[in-house]
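Structure file model.txt (compact mmCIF, C-alpha atoms) follows.
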# COMPACT_ATOMS: atom_id res chain seq x y z
CA MET A 679 74.43 56.57 28.10
CA ALA A 680 73.16 57.44 31.60
CA THR A 681 76.39 59.18 32.53
CA THR A 682 76.35 61.23 29.31
CA MET A 683 72.72 62.18 29.96
CA GLN A 684 73.64 63.25 33.50
CA LYS A 685 76.52 65.36 32.18
CA ILE A 686 74.12 67.05 29.72
CA LYS A 687 71.63 67.77 32.52
CA ASP A 688 74.38 69.16 34.76
CA ILE A 689 75.62 71.50 32.03
CA GLU A 690 72.08 72.64 31.16
CA ASP A 691 71.40 73.32 34.86
CA GLU A 692 74.62 75.30 35.17
CA MET A 693 73.81 77.34 32.04
CA ALA A 694 70.33 78.09 33.39
CA LYS A 695 71.81 79.40 36.66
CA THR A 696 74.53 81.50 34.97
CA GLN A 697 73.63 85.12 34.28
CA LYS A 698 74.31 86.25 30.73
CA ASN A 699 76.75 89.17 30.60
CA LYS A 700 80.21 90.01 29.26
CA ALA A 701 81.91 88.54 32.33
CA THR A 702 80.26 85.13 31.86
CA ALA A 703 80.43 84.96 28.02
CA HIS A 704 83.68 82.97 28.11
CA HIS A 705 82.26 80.44 30.62
CA LEU A 706 78.95 80.05 28.73
CA GLY A 707 80.75 79.58 25.42
CA LEU A 708 82.80 76.75 26.95
CA LEU A 709 79.66 75.11 28.39
CA LYS A 710 77.90 75.32 25.00
CA ALA A 711 80.84 73.62 23.28
CA LYS A 712 80.85 70.83 25.90
CA LEU A 713 77.07 70.43 25.46
CA ALA A 714 77.33 70.21 21.64
CA LYS A 715 79.97 67.47 21.93
CA LEU A 716 77.94 65.44 24.44
CA ARG A 717 74.79 65.66 22.30
CA ARG A 718 76.77 64.47 19.30
CA GLU A 719 77.86 61.40 21.33
CA ILE A 720 74.23 60.51 22.04
CA LEU A 721 72.80 61.20 18.61
CA ALA A 722 75.62 59.86 16.46
CA PRO A 723 77.28 56.99 18.35
CA PRO A 724 80.36 55.57 16.60
CA THR A 725 79.60 52.56 14.39
CA LYS A 726 81.67 49.38 14.15
CA GLY A 727 82.70 50.30 10.64
CA GLY A 728 84.24 53.50 11.94
CA GLY A 729 81.73 55.70 10.14
CA GLY A 730 79.23 58.01 11.73
CA GLY A 731 75.82 59.43 11.22
CA ALA A 732 73.13 61.34 13.02
CA GLY A 733 71.26 58.21 14.08
CA GLU A 734 69.31 55.89 11.79
CA GLY A 735 66.27 57.31 10.05
CA PHE A 736 63.26 55.42 8.71
CA ASP A 737 64.01 53.43 5.56
CA VAL A 738 62.09 55.54 3.06
CA THR A 739 63.51 55.84 -0.45
CA LYS A 740 63.88 59.43 -1.53
CA SER A 741 61.77 60.13 -4.61
CA GLY A 742 60.33 63.06 -6.51
CA ASP A 743 61.84 66.50 -6.97
CA SER A 744 61.86 67.55 -3.32
CA ARG A 745 61.10 66.11 0.12
CA VAL A 746 58.83 67.71 2.75
CA GLY A 747 58.53 66.36 6.30
CA LEU A 748 55.56 66.67 8.67
CA VAL A 749 56.81 67.05 12.25
CA GLY A 750 54.77 67.59 15.38
CA PHE A 751 53.39 66.18 18.58
CA PRO A 752 50.98 63.21 18.42
CA SER A 753 47.37 63.84 17.35
CA VAL A 754 47.84 67.28 15.78
CA GLY A 755 46.50 66.17 12.39
CA LYS A 756 49.61 65.16 10.42
CA SER A 757 48.03 61.97 9.08
CA THR A 758 44.84 63.78 8.06
CA LEU A 759 46.95 66.40 6.27
CA LEU A 760 48.90 63.72 4.39
CA ASN A 761 45.66 62.00 3.39
CA LYS A 762 44.11 65.24 2.07
CA LEU A 763 47.20 66.48 0.20
CA THR A 764 48.38 63.23 -1.36
CA GLY A 765 45.52 60.75 -1.30
CA THR A 766 47.85 58.36 0.56
CA PHE A 767 46.24 56.47 3.45
CA SER A 768 47.80 57.10 6.86
CA GLU A 769 45.78 55.80 9.79
CA VAL A 770 43.84 58.48 11.68
CA ALA A 771 42.45 57.98 15.18
CA SER A 772 41.58 60.02 18.26
CA TYR A 773 44.30 58.40 20.39
CA GLU A 774 47.95 59.41 20.38
CA PHE A 775 50.80 57.67 18.50
CA THR A 776 48.57 56.30 15.72
CA THR A 777 51.46 56.56 13.23
CA LEU A 778 54.36 54.36 14.36
CA THR A 779 56.46 54.48 11.20
CA CYS A 780 57.11 56.96 8.39
CA ILE A 781 54.31 57.14 5.78
CA PRO A 782 55.30 58.67 2.40
CA GLY A 783 52.97 60.27 -0.12
CA VAL A 784 53.41 62.35 -3.28
CA ILE A 785 51.98 65.81 -4.03
CA ARG A 786 51.86 66.76 -7.71
CA TYR A 787 52.01 70.54 -7.88
CA ARG A 788 52.94 72.89 -10.73
CA GLY A 789 54.56 70.04 -12.65
CA ALA A 790 56.70 68.96 -9.69
CA LYS A 791 56.51 65.77 -7.63
CA LEU A 792 56.90 66.57 -3.95
CA GLN A 793 57.42 63.67 -1.54
CA LEU A 794 55.54 64.29 1.72
CA LEU A 795 56.53 62.28 4.81
CA ASP A 796 54.18 61.76 7.74
CA LEU A 797 56.61 61.20 10.63
CA PRO A 798 55.51 59.67 13.94
CA GLY A 799 54.68 62.21 16.65
CA ILE A 800 57.77 63.30 18.54
CA ILE A 801 57.88 63.75 22.29
CA GLU A 802 59.81 66.15 24.48
CA GLY A 803 63.32 64.74 24.90
CA ALA A 804 63.44 63.32 21.36
CA LYS A 805 66.82 64.97 20.79
CA ASP A 806 68.16 62.97 23.74
CA GLY A 807 67.00 59.67 22.26
CA LYS A 808 63.57 59.35 23.92
CA GLY A 809 60.82 57.48 22.08
CA ARG A 810 61.52 57.27 18.35
CA GLY A 811 62.99 60.76 18.41
CA ARG A 812 66.30 59.81 16.84
CA GLN A 813 64.61 58.10 13.86
CA VAL A 814 62.05 60.89 13.42
CA ILE A 815 64.55 63.74 13.47
CA SER A 816 67.18 61.83 11.44
CA THR A 817 64.61 61.45 8.67
CA ALA A 818 63.63 65.12 9.08
CA ARG A 819 67.27 66.02 8.36
CA THR A 820 66.91 64.49 4.86
CA CYS A 821 64.04 66.83 3.96
CA ASN A 822 64.22 70.04 1.92
CA CYS A 823 61.49 71.71 3.97
CA ILE A 824 59.91 71.00 7.36
CA LEU A 825 56.24 71.53 8.21
CA ILE A 826 55.83 71.81 11.99
CA VAL A 827 52.18 70.93 12.49
CA LEU A 828 50.61 72.59 15.55
CA ASP A 829 47.17 72.18 17.10
CA ALA A 830 45.40 75.56 17.26
CA ILE A 831 43.61 74.60 20.49
CA LYS A 832 46.79 73.54 22.31
CA PRO A 833 49.45 75.82 23.86
CA ILE A 834 51.56 77.71 21.33
CA THR A 835 54.53 76.80 23.57
CA HIS A 836 54.52 73.44 21.73
CA LYS A 837 56.15 75.33 18.85
CA ARG A 838 59.19 76.21 20.96
CA ILE A 839 59.50 72.65 22.36
CA ILE A 840 59.60 71.14 18.85
CA GLU A 841 62.08 73.79 17.68
CA LYS A 842 64.33 72.89 20.62
CA GLU A 843 64.18 69.19 19.75
CA LEU A 844 65.09 69.87 16.10
CA GLU A 845 67.85 72.31 17.05
CA GLY A 846 69.28 69.72 19.43
CA PHE A 847 69.67 67.44 16.43
CA GLY A 848 71.51 70.06 14.38
CA ILE A 849 68.56 71.30 12.29
CA ARG A 850 68.48 75.10 11.95
CA LEU A 851 65.07 76.41 10.89
CA ASN A 852 64.65 79.45 8.63
CA LYS A 853 68.28 80.44 9.18
CA GLU A 854 71.23 80.99 6.87
CA PRO A 855 74.60 79.32 7.62
CA PRO A 856 76.85 81.56 9.80
CA ASN A 857 78.74 84.09 7.72
CA LEU A 858 82.13 83.35 9.20
CA SER A 859 85.21 81.57 7.91
CA PHE A 860 87.01 78.92 9.93
CA ARG A 861 90.24 77.33 8.71
CA ARG A 862 92.48 74.98 10.63
CA LYS A 863 96.24 75.36 10.21
CA ASP A 864 99.41 73.63 11.42
CA LYS A 865 100.88 76.44 13.54
CA GLY A 866 100.49 80.08 14.52
CA GLY A 867 97.86 79.74 17.25
CA ILE A 868 94.30 81.11 17.08
CA ASN A 869 94.04 84.15 14.80
CA PHE A 870 90.69 85.91 15.36
CA THR A 871 89.61 88.84 13.16
CA SER A 872 86.32 90.61 12.54
CA THR A 873 85.12 93.14 9.96
CA VAL A 874 82.33 94.39 12.29
CA ALA A 875 81.95 95.43 15.92
CA ASN A 876 81.79 92.31 18.05
CA THR A 877 79.48 92.16 21.06
CA LEU A 878 79.01 88.41 21.49
CA LEU A 879 82.47 86.89 20.95
CA ASP A 880 85.96 87.83 22.11
CA LEU A 881 89.36 86.18 21.65
CA GLU A 882 89.25 84.51 25.06
CA THR A 883 85.86 82.87 24.34
CA VAL A 884 86.96 81.81 20.85
CA LYS A 885 90.12 80.20 22.28
CA ALA A 886 88.09 78.42 24.97
CA ILE A 887 85.65 76.96 22.41
CA CYS A 888 88.47 75.89 20.08
CA GLY A 889 90.36 74.40 23.04
CA GLU A 890 87.35 72.24 23.89
CA TYR A 891 87.64 70.76 20.38
CA ARG A 892 91.44 70.45 20.75
CA ILE A 893 91.94 73.03 18.05
CA HIS A 894 95.01 75.14 18.87
CA ASN A 895 95.80 76.61 15.44
CA ALA A 896 93.14 78.21 13.26
CA ASP A 897 92.17 81.36 11.36
CA ILE A 898 88.68 82.63 12.26
CA SER A 899 87.16 85.63 10.51
CA LEU A 900 83.74 87.10 11.28
CA ARG A 901 81.69 89.12 8.80
CA TYR A 902 78.84 89.85 11.22
CA ASP A 903 78.19 89.89 14.98
CA ALA A 904 78.38 86.13 15.48
CA SER A 905 77.62 84.24 18.68
CA ALA A 906 79.30 81.31 20.43
CA ASP A 907 76.53 79.06 19.03
CA ASP A 908 77.39 80.16 15.46
CA LEU A 909 81.08 79.34 15.94
CA ILE A 910 80.23 75.92 17.46
CA ASP A 911 77.91 75.17 14.53
CA VAL A 912 80.71 75.88 12.03
CA ILE A 913 83.25 73.78 13.97
CA GLU A 914 80.78 70.89 14.32
CA GLY A 915 80.12 71.09 10.56
CA SER A 916 77.06 68.82 10.64
CA ARG A 917 74.32 71.45 10.87
CA ILE A 918 71.51 71.51 8.32
CA TYR A 919 69.79 74.77 7.40
CA MET A 920 66.30 74.40 5.98
CA PRO A 921 63.07 76.35 5.52
CA CYS A 922 60.21 75.64 7.91
CA ILE A 923 56.48 76.45 7.84
CA TYR A 924 54.41 76.41 11.02
CA VAL A 925 51.14 74.79 9.96
CA VAL A 926 48.50 75.65 12.57
CA ASN A 927 45.76 73.03 12.18
CA LYS A 928 42.17 72.85 13.49
CA ILE A 929 41.49 76.58 13.07
CA ASP A 930 37.79 75.69 12.74
CA GLN A 931 37.85 75.17 16.53
CA ILE A 932 39.09 78.66 17.53
CA THR A 933 37.65 82.17 17.42
CA LEU A 934 38.45 84.85 14.85
CA GLU A 935 40.23 86.86 17.57
CA GLU A 936 42.49 83.88 18.38
CA LEU A 937 43.20 83.40 14.69
CA GLU A 938 44.26 87.05 14.40
CA ILE A 939 46.74 86.54 17.25
CA LEU A 940 48.19 83.46 15.56
CA ASP A 941 48.41 85.42 12.32
CA LYS A 942 51.26 87.46 13.82
CA LEU A 943 53.55 84.42 13.90
CA PRO A 944 56.28 84.48 11.22
CA HIS A 945 56.41 81.60 8.70
CA TYR A 946 52.86 80.63 9.64
CA CYS A 947 50.01 79.04 7.65
CA PRO A 948 46.53 78.44 9.18
CA ILE A 949 44.56 75.40 7.98
CA SER A 950 41.85 72.94 8.85
CA ALA A 951 42.96 69.60 7.40
CA HIS A 952 39.66 67.91 8.27
CA LEU A 953 37.54 70.58 6.52
CA GLU A 954 40.20 71.20 3.83
CA TRP A 955 40.42 74.92 4.61
CA ASN A 956 43.36 76.78 3.02
CA MET A 957 44.94 73.69 1.42
CA ASP A 958 45.76 75.78 -1.68
CA GLY A 959 47.36 78.44 0.51
CA LEU A 960 49.54 75.81 2.19
CA LEU A 961 50.65 74.35 -1.15
CA GLU A 962 51.58 77.82 -2.41
CA LYS A 963 53.62 78.45 0.73
CA ILE A 964 55.40 75.09 0.43
CA TRP A 965 56.28 75.94 -3.18
CA GLU A 966 57.56 79.37 -2.13
CA TYR A 967 59.75 77.94 0.66
CA LEU A 968 61.17 75.13 -1.50
CA ASN A 969 62.16 77.79 -4.07
CA LEU A 970 62.22 75.37 -6.99
CA THR A 971 62.87 76.26 -10.62
CA ARG A 972 60.81 74.78 -13.49
CA ILE A 973 62.59 74.42 -16.83
CA TYR A 974 60.69 73.34 -19.95
CA THR A 975 62.41 71.29 -22.63
CA LYS A 976 62.11 72.07 -26.34
CA PRO A 977 63.04 69.30 -28.79
CA LYS A 978 64.36 70.60 -32.10
CA GLY A 979 61.53 71.49 -34.50
CA LEU A 980 58.82 70.88 -31.87
CA ASN A 981 56.88 72.98 -29.37
CA PRO A 982 58.08 73.15 -25.75
CA ASP A 983 56.83 70.45 -23.37
CA TYR A 984 54.89 72.43 -20.75
CA GLU A 985 53.41 69.30 -19.12
CA ASP A 986 56.57 67.78 -17.66
CA PRO A 987 59.13 70.40 -16.57
CA VAL A 988 62.62 69.57 -15.33
CA ILE A 989 62.74 70.70 -11.68
CA LEU A 990 65.94 72.29 -10.35
CA SER A 991 66.77 73.74 -6.94
CA SER A 992 67.37 77.48 -6.70
CA LYS A 993 71.03 76.82 -5.79
CA SER A 994 71.74 74.51 -8.73
CA ARG A 995 70.06 75.89 -11.83
CA THR A 996 72.71 76.28 -14.50
CA VAL A 997 72.39 74.72 -17.95
CA GLU A 998 74.92 72.13 -16.73
CA ASP A 999 72.61 71.22 -13.81
CA PHE A 1000 69.72 71.00 -16.28
CA CYS A 1001 71.64 68.59 -18.54
CA THR A 1002 72.79 66.44 -15.61
CA ARG A 1003 69.22 66.18 -14.35
CA ILE A 1004 68.02 64.87 -17.72
CA HIS A 1005 70.86 62.38 -18.24
CA LYS A 1006 74.37 62.06 -16.80
CA ASP A 1007 75.91 61.59 -20.28
CA MET A 1008 74.22 64.60 -21.91
CA LEU A 1009 77.15 66.94 -21.11
CA LYS A 1010 79.49 64.79 -23.21
CA GLN A 1011 77.42 65.63 -26.29
CA PHE A 1012 76.67 69.25 -25.30
CA LYS A 1013 77.61 71.97 -27.80
CA TYR A 1014 75.47 74.90 -26.67
CA ALA A 1015 71.91 75.65 -25.58
CA LEU A 1016 69.17 77.96 -26.84
CA VAL A 1017 67.19 79.65 -24.05
CA TRP A 1018 63.87 81.48 -24.11
CA GLY A 1019 62.60 83.18 -20.97
CA SER A 1020 63.50 85.70 -18.28
CA SER A 1021 67.17 84.63 -18.07
CA ALA A 1022 67.70 85.30 -21.79
CA LYS A 1023 68.78 88.75 -23.01
CA HIS A 1024 67.17 88.05 -26.37
CA LYS A 1025 64.97 85.19 -27.53
CA PRO A 1026 66.41 82.76 -28.13
CA GLN A 1027 69.82 83.36 -26.58
CA ARG A 1028 72.71 81.02 -27.34
CA VAL A 1029 74.39 80.10 -24.03
CA GLY A 1030 77.01 77.80 -22.56
CA LYS A 1031 76.68 75.34 -19.70
CA ASP A 1032 77.41 77.97 -17.01
CA HIS A 1033 74.34 80.07 -17.87
CA GLU A 1034 71.96 80.46 -14.90
CA LEU A 1035 68.34 79.65 -15.70
CA GLU A 1036 65.19 81.26 -14.26
CA ASP A 1037 61.81 79.76 -13.42
CA GLU A 1038 59.81 78.71 -16.50
CA ASP A 1039 62.67 79.17 -18.97
CA VAL A 1040 62.50 77.06 -22.14
CA VAL A 1041 65.73 75.27 -23.12
CA GLN A 1042 66.80 73.51 -26.30
CA ILE A 1043 70.07 71.57 -26.16
CA ILE A 1044 72.19 71.53 -29.31
CA LYS A 1045 74.44 68.48 -29.43
CA LYS A 1046 77.81 68.01 -31.10
CA ILE A 1047 77.58 66.39 -34.51

Here is the file; what I need is its structure written in the form of structure tokens.
Amino acid sequence: MATTMQKIKDIEDEMAKTQKNKATAHHLGLLKAKLAKLRREILAPPTKGGGGGAGEGFDVTKSGDSRVGLVGFPSVGKSTLLNKLTGTFSEVASYEFTTLTCIPGVIRYRGAKLQLLDLPGIIEGAKDGKGRGRQVISTARTCNCILIVLDAIKPITHKRIIEKELEGFGIRLNKEPPNLSFRRKDKGGINFTSTVANTLLDLETVKAICGEYRIHNADISLRYDASADDLIDVIEGSRIYMPCIYVVNKIDQITLEELEILDKLPHYCPISAHLEWNMDGLLEKIWEYLNLTRIYTKPKGLNPDYEDPVILSSKSRTVEDFCTRIHKDMLKQFKYALVWGSSAKHKPQRVGKDHELEDEDVVQIIKKI
């Protein structure tokens, strides 16, 4: 482990000393690929069974419709926030590292059950295995949304440190997956094409990165001005892209002028967990970032059930997804569905299982006789 850590430090030092320009792009791309491989060795050591994984997380059963993780340095107010939002007890104290394991709670909001995880405070170097960093960030990877909790009276640079730790573990915050295609093949060498002007990658750099992964035959096509990091992410294939909200806590201890400065941060939500300021605003933002879809069921001859909606993700919201969420065998009996709501052209509209539903649609399933 020590030798791998030394190799990582040496590469990081070399990257820091190397000027960024066209002449050094090839060299930097190669260093980044080497760094990504070394970090993978630390964070996902091979298991005896031959499998792999990004470290072991805390043993918390996934429940509810979506999972939200609280990440941050010790003593920023994560436990207080969990207590206020969920009514779950997580020990609060003035000293650091009060929470030593993962504490789950449930938020009931707009008919959905959101599992909220209070993760132990991470420290700088978590991505390299320091403290309980591997467990904390491995569990964070299982979430649908991350809340980075920051202390308003501490340096805003803490935000960048936590981002770096999460990025080092393959979590990409508020980013879309790279819009490039990568396909291995048996022969023909590296074929590199782009539909846009390329300023960050050239054929030489692409070949160097692929060579580091012992890939000598592949088709790579860019649809935007991608970087070496984007290509490495696609080759690694283990990156997770998720929404993130920066929750700035303890705003009752700063001035209005300081609050206005913080207000310029993107993806930001100011709160005071202790005084319960802006809890509703935070819940609304969490709902917005999770982008969930509520579907109401309508039994034949009865009114719709508006109390207990079926919750679907924005990426899986067809009638088929709706049926599967209710019961795995429902599709076997499915004939068609009647839909009321914004996805229907007329009310009701008769649809098949591929029909895409919208938030607050009402659905009645007609079964085969």

* Give me the residues within 10 Å of Trp955 (chain A) as a PyMOL selection string, counting only C-alpha atoms and dropping any in the same chain fewer than 4 places off. => chain A and resi 927-930+948-951+959-960

* Asked: So which one's closest to Cys947 (chain A), A:Arg1003, A:Lys1031, A:Lys963, A:Arg995? Using only C-alpha atoms, please.
  ->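 Among the listed residues, the smallest separation from Cys947 (chain A) belongs to A:Lys963.
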
* Show which residues sit within 12 Å of Lys832 (chain A), as a count of residues only. Count only C-alpha atoms, and ignore same-chain residues fewer than 2 positions away. => 19

* To do: Write out as a ChimeraX atom specification each polymer residue whose atoms come within 8 Å of Gly1019 (chain A), counting all atoms listed in the file; drop sequence neighbours fewer than 6 positions from it.
  => /A:1025,1036,1038-1040

* Asked: Of the candidates A:Gln793, A:Thr702, A:Ser916, A:Ser905, which one gets nearest to Glu845 (chain A) if we count all atoms listed in the file?
  ->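 Checking each candidate against Glu845 (chain A), we get A:Ser916 as the closest.
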
I want to know what sits within 10 Å of Met1008 (chain A), based on only C-alpha atoms, with residues of the same chain fewer than 5 positions away left out; could you give that as a PDB file with C-alpha atoms, in the coordinates of the input?
ATOM      1  CA  GLU A 998      74.920  72.130 -16.730  1.00  0.00           C
ATOM      2  CA  PHE A1000      69.720  71.000 -16.280  1.00  0.00           C
ATOM      3  CA  CYS A1001      71.640  68.590 -18.540  1.00  0.00           C
ATOM      4  CA  THR A1002      72.790  66.440 -15.610  1.00  0.00           C
ATOM      5  CA  ARG A1003      69.220  66.180 -14.350  1.00  0.00           C
ATOM      6  CA  ILE A1043      70.070  71.570 -26.160  1.00  0.00           C
ATOM      7  CA  LYS A1045      74.440  68.480 -29.430  1.00  0.00           C
TER       8      LYS A1045
END

* To do: Extract, using all atoms listed in the file, all DNA, RNA and protein residues at most 12 Å from Ala886 (chain A), discarding same-chain residues fewer than 2 positions from it, and format them as a ChimeraX atom specification.
  => /A:703-712,868,879-884,888-894,906,909-910

* From A:Leu716, A:Ile826, A:Cys780, A:Ile913, residue lying nearest Phe847 (chain A) [all atoms listed in the file] ->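 Distance minimum relative to Phe847 (chain A) lands on A:Leu716.
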
* Counting all atoms listed in the file, figure out which residue out of A:Lys762, A:Lys842, A:Lys865, A:Arg819 gets nearest to Ala896 (chain A). =>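 Smallest separation from Ala896 (chain A) among the options: A:Lys865.
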
* Asked: Nearest to Arg850 (chain A): which of A:Met920, A:Val988, A:Val874, A:Val814 is it, counting all atoms listed in the file?
  ->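 The shortest atom-to-atom distance to Arg850 (chain A) comes from A:Met920.
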
* In Å to one decimal, how far is CA of Arg917 (chain A) from CA of Thr873 (chain A)? ->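 Interatomic distance here is 24.2 Å.
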
Could you model N, CA and C atoms for region 883-901 of chain A and present them as a compact mmCIF listing (two decimals), keeping the file's coordinate frame?
# COMPACT_ATOMS: atom_id res chain seq x y z
N THR A 883 86.95 83.84 24.54
CA THR A 883 85.86 82.87 24.34
C THR A 883 86.14 81.97 23.14
N VAL A 884 86.63 82.58 22.06
CA VAL A 884 86.96 81.81 20.85
C VAL A 884 88.02 80.75 21.16
N LYS A 885 89.06 81.14 21.92
CA LYS A 885 90.12 80.20 22.28
C LYS A 885 89.58 79.08 23.16
N ALA A 886 88.66 79.43 24.07
CA ALA A 886 88.09 78.42 24.97
C ALA A 886 87.28 77.39 24.18
N ILE A 887 86.47 77.87 23.23
CA ILE A 887 85.65 76.96 22.41
C ILE A 887 86.55 76.07 21.56
N CYS A 888 87.54 76.67 20.91
CA CYS A 888 88.47 75.89 20.08
C CYS A 888 89.23 74.87 20.93
N GLY A 889 89.64 75.29 22.14
CA GLY A 889 90.36 74.40 23.04
C GLY A 889 89.55 73.17 23.41
N GLU A 890 88.23 73.36 23.58
CA GLU A 890 87.35 72.24 23.89
C GLU A 890 87.35 71.20 22.77
N TYR A 891 87.56 71.66 21.53
CA TYR A 891 87.64 70.76 20.38
C TYR A 891 89.09 70.37 20.04
N ARG A 892 90.01 70.72 20.94
CA ARG A 892 91.44 70.45 20.75
C ARG A 892 91.97 71.07 19.47
N ILE A 893 91.47 72.25 19.19
CA ILE A 893 91.94 73.03 18.05
C ILE A 893 92.79 74.17 18.60
N HIS A 894 94.09 74.14 18.30
CA HIS A 894 95.01 75.14 18.87
C HIS A 894 95.58 76.08 17.81
N ASN A 895 95.32 75.76 16.54
CA ASN A 895 95.80 76.61 15.44
C ASN A 895 94.71 76.75 14.40
N ALA A 896 94.22 77.98 14.24
CA ALA A 896 93.14 78.21 13.26
C ALA A 896 93.00 79.69 12.96
N ASP A 897 92.53 79.99 11.74
CA ASP A 897 92.17 81.36 11.36
C ASP A 897 90.66 81.48 11.37
N ILE A 898 90.13 82.42 12.16
CA ILE A 898 88.68 82.63 12.26
C ILE A 898 88.38 84.08 11.92
N SER A 899 87.50 84.26 10.94
CA SER A 899 87.16 85.63 10.51
C SER A 899 85.65 85.80 10.51
N LEU A 900 85.17 86.82 11.21
CA LEU A 900 83.74 87.10 11.28
C LEU A 900 83.37 88.23 10.34
N ARG A 901 82.19 88.07 9.69
CA ARG A 901 81.69 89.12 8.80
C ARG A 901 80.39 89.72 9.34
